[in-house]
>>> print(open('entry-v4.cif').read())   # mmCIF, C-alpha atoms
data_protein
loop_
_atom_site.label_atom_id
_atom_site.label_comp_id
_atom_site.auth_asym_id
_atom_site.auth_seq_id
_atom_site.Cartn_x
_atom_site.Cartn_y
_atom_site.Cartn_z
CA MET A 1056 14.96 -19.51 7.71
CA SER A 1057 12.81 -20.73 4.81
CA LYS A 1058 13.46 -19.70 1.22
CA GLN A 1059 10.29 -17.66 1.38
CA HIS A 1060 12.06 -15.23 3.67
CA ASP A 1061 15.44 -15.08 1.97
CA ARG A 1062 14.33 -11.81 0.38
CA LEU A 1063 14.32 -10.06 3.76
CA GLN A 1064 17.39 -7.89 3.38
CA ARG A 1065 18.33 -7.96 7.01
CA ILE A 1066 16.77 -8.97 10.28
CA SER A 1067 18.37 -8.89 13.69
CA VAL A 1068 18.22 -12.11 15.70
CA LYS A 1069 19.52 -12.84 19.19
CA ASN A 1070 18.95 -16.09 21.08
CA ASN A 1071 16.77 -17.17 18.14
CA ARG A 1072 14.40 -14.27 18.80
CA LEU A 1073 13.67 -11.33 16.53
CA GLN A 1074 15.18 -8.01 17.57
CA VAL A 1075 13.64 -4.71 16.50
CA ALA A 1076 15.38 -1.40 17.21
CA GLY A 1077 17.93 -3.33 19.28
CA ARG A 1078 15.37 -4.88 21.62
CA PRO A 1079 13.65 -8.28 21.76
CA ALA A 1080 10.37 -8.20 19.90
CA ASP A 1081 8.41 -9.58 22.86
CA GLN A 1082 9.62 -6.68 25.03
CA LEU A 1083 8.42 -4.16 22.47
CA VAL A 1084 5.07 -5.90 22.21
CA ALA A 1085 4.76 -5.63 25.98
CA MET A 1086 5.62 -1.92 25.74
CA ALA A 1087 2.84 -1.46 23.18
CA GLY A 1088 0.35 -3.05 25.57
CA GLY A 1089 0.21 -6.47 23.96
CA THR A 1090 -0.97 -7.83 20.63
CA PRO A 1091 -2.08 -7.15 18.00
CA CYS A 1092 0.29 -4.25 17.42
CA TYR A 1093 2.48 -2.44 14.92
CA ILE A 1094 6.04 -1.60 15.89
CA TYR A 1095 7.89 1.05 13.84
CA ASP A 1096 11.67 1.48 13.99
CA ARG A 1097 12.65 5.16 13.88
CA LYS A 1098 16.29 4.33 13.14
CA SER A 1099 15.21 2.45 10.02
CA LEU A 1100 13.08 5.40 8.94
CA THR A 1101 16.02 7.75 9.37
CA GLU A 1102 18.39 5.45 7.52
CA ARG A 1103 16.04 5.04 4.56
CA VAL A 1104 15.79 8.81 4.04
CA ARG A 1105 19.54 9.26 4.56
CA SER A 1106 20.47 6.53 2.09
CA LEU A 1107 18.09 7.91 -0.52
CA ARG A 1108 19.45 11.43 -0.14
CA THR A 1109 22.98 10.06 -0.57
CA VAL A 1110 22.28 8.87 -4.13
CA MET A 1111 19.56 11.25 -5.35
CA PRO A 1112 20.37 14.68 -6.86
CA SER A 1113 21.10 17.13 -4.07
CA ASP A 1114 18.67 19.68 -5.51
CA LEU A 1115 15.79 17.19 -5.72
CA LYS A 1116 13.48 17.82 -2.75
CA MET A 1117 11.87 14.93 -0.89
CA HIS A 1118 8.34 14.90 0.52
CA TYR A 1119 6.63 12.29 2.66
CA ALA A 1120 3.13 11.26 1.61
CA ILE A 1121 1.64 10.66 5.02
CA LYS A 1122 -1.24 8.51 3.74
CA ALA A 1123 1.29 5.66 3.78
CA ASN A 1124 1.47 5.91 7.57
CA PRO A 1125 -0.25 8.85 9.29
CA MET A 1126 0.53 7.80 12.87
CA PRO A 1127 1.32 11.20 14.47
CA ALA A 1128 4.58 10.03 16.03
CA VAL A 1129 5.76 8.68 12.66
CA VAL A 1130 4.74 11.88 10.85
CA HIS A 1131 6.50 14.03 13.44
CA HIS A 1132 9.68 11.99 13.02
CA MET A 1133 9.51 12.07 9.22
CA ALA A 1134 8.87 15.82 9.24
CA GLY A 1135 12.35 16.31 10.63
CA LEU A 1136 13.91 14.27 7.83
CA VAL A 1137 12.18 15.42 4.66
CA ASP A 1138 11.50 18.75 2.94
CA GLY A 1139 7.73 18.64 3.08
CA LEU A 1140 4.58 16.61 3.69
CA ASP A 1141 1.74 15.62 1.40
CA VAL A 1142 -1.76 14.98 2.75
CA ALA A 1143 -4.97 13.52 1.35
CA SER A 1144 -7.62 14.60 3.88
CA GLN A 1145 -8.33 17.25 6.49
CA ARG A 1146 -7.40 14.89 9.30
CA GLU A 1147 -4.03 14.22 7.68
CA MET A 1148 -3.71 17.97 7.22
CA MET A 1149 -4.15 18.49 10.95
CA VAL A 1150 -1.51 15.83 11.72
CA ALA A 1151 0.88 17.50 9.27
CA ILE A 1152 0.33 20.97 10.73
CA GLY A 1153 0.76 19.52 14.21
CA SER A 1154 4.21 18.23 13.25
CA GLY A 1155 5.44 21.82 13.21
CA VAL A 1156 6.46 22.05 9.54
CA ASP A 1157 5.97 25.25 7.57
CA PRO A 1158 2.40 25.09 6.15
CA GLU A 1159 3.77 26.12 2.75
CA SER A 1160 5.72 22.84 2.75
CA ILE A 1161 2.45 20.89 2.99
CA SER A 1162 0.45 20.00 -0.11
CA PHE A 1163 -3.08 18.61 -0.29
CA ALA A 1164 -4.16 16.18 -3.03
CA GLY A 1165 -7.41 14.26 -3.44
CA PRO A 1166 -9.95 13.73 -6.19
CA ALA A 1167 -13.11 14.71 -4.27
CA LYS A 1168 -12.21 17.43 -1.79
CA LYS A 1169 -15.16 18.87 0.09
CA VAL A 1170 -15.64 22.61 0.35
CA GLU A 1171 -14.95 22.37 4.10
CA GLU A 1172 -11.61 20.69 3.38
CA LEU A 1173 -10.70 23.33 0.82
CA ARG A 1174 -11.65 26.09 3.27
CA ALA A 1175 -9.39 24.55 5.92
CA ALA A 1176 -6.51 24.24 3.45
CA VAL A 1177 -6.88 27.86 2.32
CA ALA A 1178 -7.02 29.07 5.92
CA ALA A 1179 -3.91 27.02 6.75
CA SER A 1180 -1.98 28.43 3.76
CA ILE A 1181 -1.04 25.02 2.43
CA VAL A 1182 -0.61 24.19 -1.26
CA ILE A 1183 -3.77 22.75 -2.84
CA ASN A 1184 -3.36 20.37 -5.78
CA VAL A 1185 -6.37 21.28 -7.93
CA GLU A 1186 -8.01 18.25 -9.55
CA SER A 1187 -10.96 19.72 -11.48
CA SER A 1188 -12.35 22.92 -12.93
CA LEU A 1189 -15.11 22.95 -10.29
CA GLU A 1190 -12.52 22.69 -7.53
CA LEU A 1191 -10.76 25.72 -8.97
CA GLU A 1192 -14.05 27.65 -9.04
CA ARG A 1193 -14.61 26.78 -5.40
CA LEU A 1194 -11.18 28.15 -4.58
CA TYR A 1195 -12.01 31.40 -6.37
CA GLN A 1196 -15.10 31.68 -4.15
CA LEU A 1197 -13.13 30.87 -1.00
CA SER A 1198 -10.56 33.50 -1.93
CA SER A 1199 -13.29 36.14 -1.82
CA GLU A 1200 -14.94 34.67 1.27
CA LEU A 1201 -11.77 34.39 3.37
CA GLN A 1202 -9.90 37.33 1.86
CA LEU A 1203 -6.97 34.98 1.35
CA LYS A 1204 -5.23 33.99 -1.86
CA PRO A 1205 -5.13 30.17 -2.13
CA LYS A 1206 -1.80 28.69 -3.15
CA VAL A 1207 -2.54 26.21 -5.93
CA ALA A 1208 -0.84 23.64 -8.12
CA PHE A 1209 -2.55 21.63 -10.82
CA ARG A 1210 -2.56 17.86 -10.51
CA VAL A 1211 -2.11 16.63 -14.05
CA ASN A 1212 -3.28 13.30 -15.46
CA PRO A 1213 -0.52 12.67 -18.03
CA ASP A 1214 -1.06 10.92 -21.33
CA PHE A 1215 1.28 8.10 -20.28
CA GLU A 1216 1.28 5.52 -17.50
CA LEU A 1217 3.94 4.05 -15.25
CA LYS A 1218 4.49 0.62 -16.77
CA SER A 1219 4.85 -2.38 -14.42
CA SER A 1220 3.24 -0.32 -11.67
CA GLY A 1221 1.43 -2.04 -8.82
CA MET A 1222 -1.20 0.71 -8.92
CA LYS A 1223 -1.59 2.84 -12.04
CA MET A 1224 -2.67 6.39 -11.23
CA ALA A 1225 -2.49 8.03 -14.67
CA GLY A 1226 -2.85 7.54 -18.39
CA GLY A 1227 -6.32 7.00 -19.84
CA PRO A 1228 -9.52 8.04 -18.07
CA LYS A 1229 -8.79 8.62 -14.37
CA GLN A 1230 -10.52 10.25 -11.42
CA PHE A 1231 -7.18 11.80 -10.46
CA GLY A 1232 -6.14 15.21 -11.70
CA ILE A 1233 -6.86 17.11 -14.90
CA ASP A 1234 -6.13 15.52 -18.27
CA ALA A 1235 -2.92 16.92 -19.74
CA GLU A 1236 -4.66 17.95 -22.98
CA LEU A 1237 -7.04 20.18 -21.01
CA MET A 1238 -4.26 22.05 -19.23
CA PRO A 1239 -3.52 24.68 -21.95
CA GLU A 1240 -7.06 26.04 -21.70
CA MET A 1241 -7.06 25.83 -17.89
CA LEU A 1242 -3.82 27.79 -17.72
CA SER A 1243 -4.90 30.41 -20.25
CA GLU A 1244 -8.06 31.11 -18.25
CA LEU A 1245 -6.46 30.99 -14.79
CA ASP A 1246 -7.33 34.04 -12.66
CA THR A 1247 -4.05 34.82 -10.91
CA GLY A 1248 -5.76 37.66 -9.09
CA LYS A 1249 -7.74 35.14 -7.05
CA VAL A 1250 -5.20 32.32 -6.61
CA ASP A 1251 -1.44 32.15 -6.21
CA PHE A 1252 -0.29 29.73 -8.93
CA TYR A 1253 2.52 27.54 -7.62
CA GLY A 1254 3.13 24.66 -10.02
CA PHE A 1255 2.21 21.13 -11.09
CA HIS A 1256 1.79 17.67 -9.58
CA ILE A 1257 2.41 14.88 -12.10
CA PHE A 1258 1.95 11.42 -10.57
CA SER A 1259 1.67 8.31 -12.73
CA GLY A 1260 1.77 5.27 -10.44
CA SER A 1261 3.09 3.53 -7.34
CA GLN A 1262 4.80 0.37 -6.07
CA ASN A 1263 7.15 -0.15 -9.01
CA LEU A 1264 10.20 -2.43 -8.87
CA ASN A 1265 11.26 -1.93 -12.49
CA PRO A 1266 14.03 0.69 -12.85
CA ASP A 1267 13.55 0.96 -16.62
CA ALA A 1268 9.84 1.72 -16.22
CA LEU A 1269 10.58 4.43 -13.64
CA ILE A 1270 13.32 5.93 -15.80
CA ASP A 1271 10.96 6.04 -18.77
CA ALA A 1272 8.21 7.69 -16.71
CA HIS A 1273 10.58 10.25 -15.21
CA GLY A 1274 11.78 11.27 -18.67
CA LYS A 1275 8.20 11.75 -19.88
CA THR A 1276 7.29 13.60 -16.67
CA PHE A 1277 10.10 16.13 -17.14
CA GLU A 1278 9.11 16.60 -20.79
CA LEU A 1279 5.48 17.24 -19.85
CA ALA A 1280 6.51 19.54 -17.02
CA ALA A 1281 8.66 21.59 -19.40
CA ARG A 1282 5.76 22.03 -21.84
CA LEU A 1283 3.38 23.03 -19.06
CA CYS A 1284 5.85 25.52 -17.61
CA GLU A 1285 5.99 27.36 -20.93
CA LEU A 1286 2.19 27.66 -20.93
CA ALA A 1287 1.94 28.90 -17.34
CA PRO A 1288 0.80 32.51 -16.85
CA VAL A 1289 3.56 33.16 -14.28
CA PRO A 1290 6.89 31.48 -13.51
CA VAL A 1291 6.49 28.00 -12.04
CA GLN A 1292 7.94 27.54 -8.58
CA HIS A 1293 7.26 23.86 -7.91
CA ILE A 1294 6.98 20.54 -9.77
CA ASN A 1295 5.98 17.37 -7.90
CA ILE A 1296 7.05 14.36 -10.00
CA GLY A 1297 5.38 11.82 -7.71
CA GLY A 1298 7.12 8.73 -6.44
CA GLY A 1299 6.43 5.19 -7.58
CA LEU A 1300 9.43 3.55 -5.90
CA GLY A 1301 8.39 0.10 -4.71
CA ILE A 1302 9.53 -2.37 -2.08
CA PRO A 1303 9.67 -6.18 -2.33
CA TYR A 1304 6.78 -7.94 -0.62
CA PHE A 1305 6.39 -11.31 -2.28
CA PRO A 1306 8.47 -14.37 -3.24
CA GLY A 1307 10.68 -13.72 -6.24
CA GLU A 1308 10.67 -9.93 -5.85
CA GLN A 1309 13.99 -8.12 -5.56
CA ALA A 1310 14.70 -4.76 -3.94
CA LEU A 1311 14.54 -1.86 -6.37
CA ASP A 1312 17.91 -0.79 -7.80
CA ILE A 1313 17.90 2.92 -7.03
CA ILE A 1314 21.26 3.80 -8.60
CA PRO A 1315 20.24 3.95 -12.30
CA ILE A 1316 17.09 5.85 -11.35
CA ALA A 1317 19.11 8.40 -9.38
CA GLU A 1318 21.68 8.76 -12.16
CA HIS A 1319 18.94 9.41 -14.71
CA LEU A 1320 17.26 11.96 -12.46
CA GLN A 1321 20.62 13.70 -12.09
CA LYS A 1322 20.83 14.02 -15.88
CA LEU A 1323 17.26 15.28 -16.10
CA MET A 1324 17.87 17.86 -13.38
CA GLY A 1325 21.00 19.10 -15.10
CA ALA A 1326 19.41 19.28 -18.54
CA ARG A 1327 16.49 21.52 -17.56
CA THR A 1328 16.04 24.66 -19.63
CA GLY A 1329 13.57 27.52 -19.88
CA ARG A 1330 11.08 28.00 -17.08
CA LEU A 1331 11.55 24.46 -15.81
CA LYS A 1332 15.16 25.23 -14.90
CA ASN A 1333 14.27 27.41 -11.92
CA ALA A 1334 11.39 25.34 -10.58
CA GLU A 1335 11.80 23.37 -7.36
CA MET A 1336 11.61 19.65 -8.19
CA VAL A 1337 10.03 17.34 -5.61
CA MET A 1338 9.82 13.57 -5.33
CA GLU A 1339 6.85 12.48 -3.21
CA LEU A 1340 7.32 9.14 -1.47
CA GLY A 1341 5.27 7.19 1.04
CA ARG A 1342 5.54 3.42 1.07
CA TYR A 1343 9.21 3.44 0.05
CA LEU A 1344 10.18 5.49 3.09
CA VAL A 1345 8.23 3.66 5.79
CA ALA A 1346 7.11 0.16 4.78
CA GLU A 1347 10.25 -1.76 5.65
CA ALA A 1348 10.52 -0.05 9.05
CA GLY A 1349 7.24 -1.56 10.26
CA TYR A 1350 6.37 -4.90 11.86
CA TYR A 1351 2.94 -6.30 12.63
CA PHE A 1352 2.68 -8.68 15.59
CA CYS A 1353 -0.13 -10.99 16.60
CA GLN A 1354 -0.26 -13.88 19.05
CA VAL A 1355 -1.22 -17.51 18.54
CA THR A 1356 -4.40 -18.09 20.56
CA ASP A 1357 -5.26 -21.61 19.39
CA LYS A 1358 -3.86 -24.41 17.27
CA LYS A 1359 -5.90 -27.04 15.54
CA ALA A 1360 -5.92 -29.52 12.67
CA SER A 1361 -8.60 -29.82 10.03
CA ARG A 1362 -8.46 -32.67 7.55
CA GLY A 1363 -4.73 -32.81 7.41
CA GLN A 1364 -4.07 -29.05 7.59
CA THR A 1365 -2.63 -27.36 10.69
CA PHE A 1366 -4.05 -23.95 11.59
CA LEU A 1367 -2.47 -21.35 13.86
CA MET A 1368 -5.29 -19.14 15.10
CA THR A 1369 -4.24 -15.62 16.09
CA ASP A 1370 -5.69 -12.43 17.53
CA GLY A 1371 -4.70 -10.45 14.43
CA GLY A 1372 -5.83 -10.41 10.84
CA LEU A 1373 -7.32 -8.47 7.96
CA HIS A 1374 -9.15 -6.04 10.23
CA HIS A 1375 -5.72 -4.68 11.22
CA HIS A 1376 -3.62 -5.53 8.15
CA LEU A 1377 -5.86 -5.67 5.11
CA SER A 1378 -3.04 -5.53 2.57
CA ASN A 1379 -1.32 -8.57 4.08
CA SER A 1380 -4.57 -10.55 3.81
CA GLY A 1381 -4.51 -10.08 0.04
CA ASN A 1382 -7.65 -7.94 -0.06
CA PHE A 1383 -5.99 -4.62 -0.89
CA GLY A 1384 -5.33 -4.88 -4.60
CA GLN A 1385 -3.90 -8.38 -5.04
CA VAL A 1386 -5.47 -10.45 -7.83
CA ILE A 1387 -3.83 -13.67 -6.65
CA ARG A 1388 -2.96 -13.66 -2.96
CA LYS A 1389 0.73 -13.96 -2.05
CA ASN A 1390 2.33 -14.03 1.37
CA TYR A 1391 4.12 -11.12 2.93
CA PRO A 1392 7.26 -12.30 4.78
CA VAL A 1393 6.02 -13.99 7.99
CA LEU A 1394 8.02 -15.59 10.82
CA ILE A 1395 7.57 -16.84 14.37
CA ALA A 1396 9.20 -13.95 16.23
CA ASN A 1397 10.24 -15.94 19.32
CA CYS A 1398 11.59 -18.91 17.31
CA ILE A 1399 13.16 -17.71 14.08
CA THR A 1400 14.76 -21.02 13.10
CA SER A 1401 14.31 -24.63 14.19
CA GLU A 1402 15.00 -28.07 12.79
CA GLU A 1403 11.46 -29.02 13.73
CA LYS A 1404 9.11 -27.40 11.22
CA GLU A 1405 5.57 -27.73 9.99
CA THR A 1406 3.40 -26.31 7.23
CA VAL A 1407 0.68 -24.09 8.63
CA GLU A 1408 -2.15 -21.76 7.74
CA ILE A 1409 -2.02 -18.67 9.95
CA VAL A 1410 -5.45 -17.08 10.30
CA GLY A 1411 -7.19 -14.43 12.36
CA PRO A 1412 -10.31 -14.36 14.56
CA LEU A 1413 -12.80 -13.05 11.99
CA CYS A 1414 -15.74 -15.04 10.70
CA THR A 1415 -14.57 -15.01 7.10
CA PRO A 1416 -12.21 -17.26 5.10
CA LEU A 1417 -10.56 -14.08 3.81
CA ASP A 1418 -8.91 -13.53 7.22
CA ILE A 1419 -5.49 -14.89 6.31
CA VAL A 1420 -2.20 -13.88 7.97
CA GLY A 1421 -0.08 -16.43 6.09
CA ALA A 1422 -0.97 -19.36 3.81
CA LYS A 1423 0.87 -22.66 3.49
CA LEU A 1424 3.96 -21.49 5.32
CA GLU A 1425 6.74 -23.81 6.42
CA LEU A 1426 7.76 -22.47 9.84
CA PRO A 1427 9.20 -23.69 13.13
CA VAL A 1428 6.60 -25.57 15.15
CA ALA A 1429 4.59 -22.98 17.07
CA ASP A 1430 2.05 -23.15 19.86
CA VAL A 1431 -0.38 -21.01 21.82
CA GLY A 1432 1.34 -17.87 23.13
CA ASP A 1433 3.93 -17.62 20.36
CA LEU A 1434 4.34 -14.37 18.44
CA VAL A 1435 3.74 -14.15 14.70
CA VAL A 1436 5.42 -11.23 12.90
CA VAL A 1437 4.57 -9.86 9.47
CA PHE A 1438 7.39 -7.84 7.92
CA GLN A 1439 7.19 -4.95 5.40
CA SER A 1440 4.27 -3.61 7.45
CA GLY A 1441 5.08 0.07 7.93
CA ALA A 1442 2.82 1.33 5.13
CA TYR A 1443 -0.90 1.02 4.47
CA GLY A 1444 -1.51 -0.96 7.64
CA ALA A 1445 -3.66 0.26 10.52
CA THR A 1446 -5.43 3.11 8.74
CA ALA A 1447 -5.89 1.13 5.51
CA SER A 1448 -7.75 -1.65 7.32
CA PRO A 1449 -11.40 -2.13 8.46
CA GLN A 1450 -10.67 -2.05 12.18
CA LYS A 1451 -14.34 -1.80 13.15
CA PHE A 1452 -15.23 -5.02 11.31
CA LEU A 1453 -16.79 -7.48 13.80
CA SER A 1454 -15.92 -5.07 16.63
CA HIS A 1455 -12.63 -6.65 17.69
CA PRO A 1456 -10.17 -4.43 19.59
CA GLU A 1457 -8.27 -1.87 17.49
CA VAL A 1458 -4.60 -2.42 16.81
CA LYS A 1459 -1.93 -0.70 18.91
CA GLU A 1460 0.96 1.27 17.39
CA LEU A 1461 4.38 2.12 18.80
CA LEU A 1462 7.33 4.05 17.37
CA VAL A 1463 10.63 3.13 19.02
#
>>> encode(input="entry-v4.cif", output="structure tokens")
Amino acid sequence: MSKQHDRLQRISVKNNRLQVAGRPADQLVAMAGGTPCYIYDRKSLTERVRSLRTVMPSDLKMHYAIKANPMPAVVHHMAGLVDGLDVASQREMMVAIGSGVDPESISFAGPAKKVEELRAAVAASIVINVESSLELERLYQLSSELQLKPKVAFRVNPDFELKSSGMKMAGGPKQFGIDAELMPEMLSELDTGKVDFYGFHIFSGSQNLNPDALIDAHGKTFELAARLCELAPVPVQHINIGGGLGIPYFPGEQALDIIPIAEHLQKLMGARTGRLKNAEMVMELGRYLVAEAGYYFCQVTDKKASRGQTFLMTDGGLHHHLSNSGNFGQVIRKNYPVLIANCITSEEKETVEIVGPLCTPLDIVGAKLELPVADVGDLVVVFQSGAYGATASPQKFLSHPEVKELLV
């Protein structure tokens, strides 16, 4: 295996072929109906949640943010492992409700919720993370219209950011949530006769591999939460501290050391005083729970040389896996871990560009990879593909077939 893939913590190989969920990858691809396809390993999903619960404070609740992977079978499986689900659209809301969880364990966040979405959330009795004063006014109106009392939490844009974060969601001007300095007035004017105030959602960033940055952000989050709790018109029941835990994708990245983060959270949980002490504390995670349990497979359909460079042409690409192509937030494109699934190692290797079928040079599966010599019919696998894959990609682009998904 090349150095590029040394960072893969563990892969199962038998007869030089990749095994997923105890079965040869090519068998699973056949089960899915062929390539391109995503295969998700339910055992890996279960183990990730179990291992995290082992080290995190026992009284820290865990929610799954289903935007990371909203495949209904995945959501249904995760619903049996975590304490709640977080959604970002009405369709995700329907998937969450369909999983059978208590609606009060579902929360709905999003910076531009439509009135129809708010109406559905109120009718379903799920928690709505309010992100603007107008959204709150709409909920007052829906309370009168539906004769139901919406359950609300305020999504707060803190005055700090998660340093070293792959995607910063707070600090400075943001479309997400209500600025922390505006919260005292919002809370003082809150009409608790029209809405059931539940708590706060404080989320500062995602995809972070720096324990010190996460520890710093968690400390500031608890401090802000404590101040807000004292300003609340009624006792606070729930605080969502967000997630931010990252996974290694690229060369040189190391898996996040969870232990110091968990130890610090344990201290923060134990040191709570005042109104914060009795509030339920929730960590909301998406990518960290599902990304490493997913594999994207495509098949080599052609092989050609162009001016000294060998190309493996495949039936997969950015229309199915936009983030792997480098067009989902990367400034400088880097390769996800990529292997030839039916020939993991070989003394005979070559440097190849792996590309998809789209009429754009952006359609890259893997660039300048040294891999075993491959040919038409071989399977290419992209690891770390369980999050922000199928539904984060422009599957209608150029009208190629949509990707298949299978949970095993």
>>> residues_around(input="entry-v4.cif", residues="Val1458 (chain A)", least_positions_apart="2", cutoff="7 Å", atoms="only C-alpha atoms", output="list in words")
Pro1091, Cys1092, His1375, Ala1445, Pro1456 and Glu1460 of chain A
>>> residues_around(input="entry-v4.cif", residues="Ser1162 (chain A)", least_positions_apart="5", cutoff="10 Å", atoms="only C-alpha atoms", output="ChimeraX atom specification")
/A:1118,1120,1139-1143,1148,1151,1176,1180-1184,1206-1208,1256,1295
>>> closest_residue(input="entry-v4.cif", among="A:Leu1242, A:Leu1323, A:Leu1083, A:Met1368", to="Ala1272 (chain A)", atoms="only C-alpha atoms")
A:Leu1323
>>> resolve_selection(input="entry-v4.cif", expression="the PyMOL selection byres ((chain A and resi 1380-1392) around 6)", output="list in words")
His1060, Tyr1304, Phe1305, Leu1373, Leu1377, Ser1378, Asn1379, Val1393, Ile1419, Val1420, Gly1421, Val1437 and Phe1438 of chain A
>>> closest_residue(input="entry-v4.cif", among="A:Asp1234, A:Asp1246, A:Val1435, A:Asn1124", to="Ser1448 (chain A)", atoms="all atoms listed in the file")
A:Asn1124
>>> resolve_selection(input="entry-v4.cif", expression="the PyMOL selection byres ((chain A and resi 1359-1365) around 7)", output="VMD selection string")
chain A and resid 1357 to 1358 1366 to 1367 1407 to 1408
>>> atom_distance(input="entry-v4.cif", atom1="CA of Asp1096 (chain A)", atom2="CA of Val1463 (chain A)")
5.4 Å
>>> closest_residue(input="entry-v4.cif", among="A:Met1324, A:Ala1334, A:Leu1426, A:Leu1340", to="Ser1113 (chain A)", atoms="only C-alpha atoms")
A:Met1324
>>> atom_distance(input="entry-v4.cif", atom1="CA of Gly1444 (chain A)", atom2="CA of Val1431 (chain A)")
24.6 Å
>>> resolve_selection(input="entry-v4.cif", expression="the PyMOL selection byres ((chain A and resi 1452) around 12)", output="ChimeraX atom specification")
/A:1372-1375,1377,1412-1415,1418,1448-1451,1453-1457
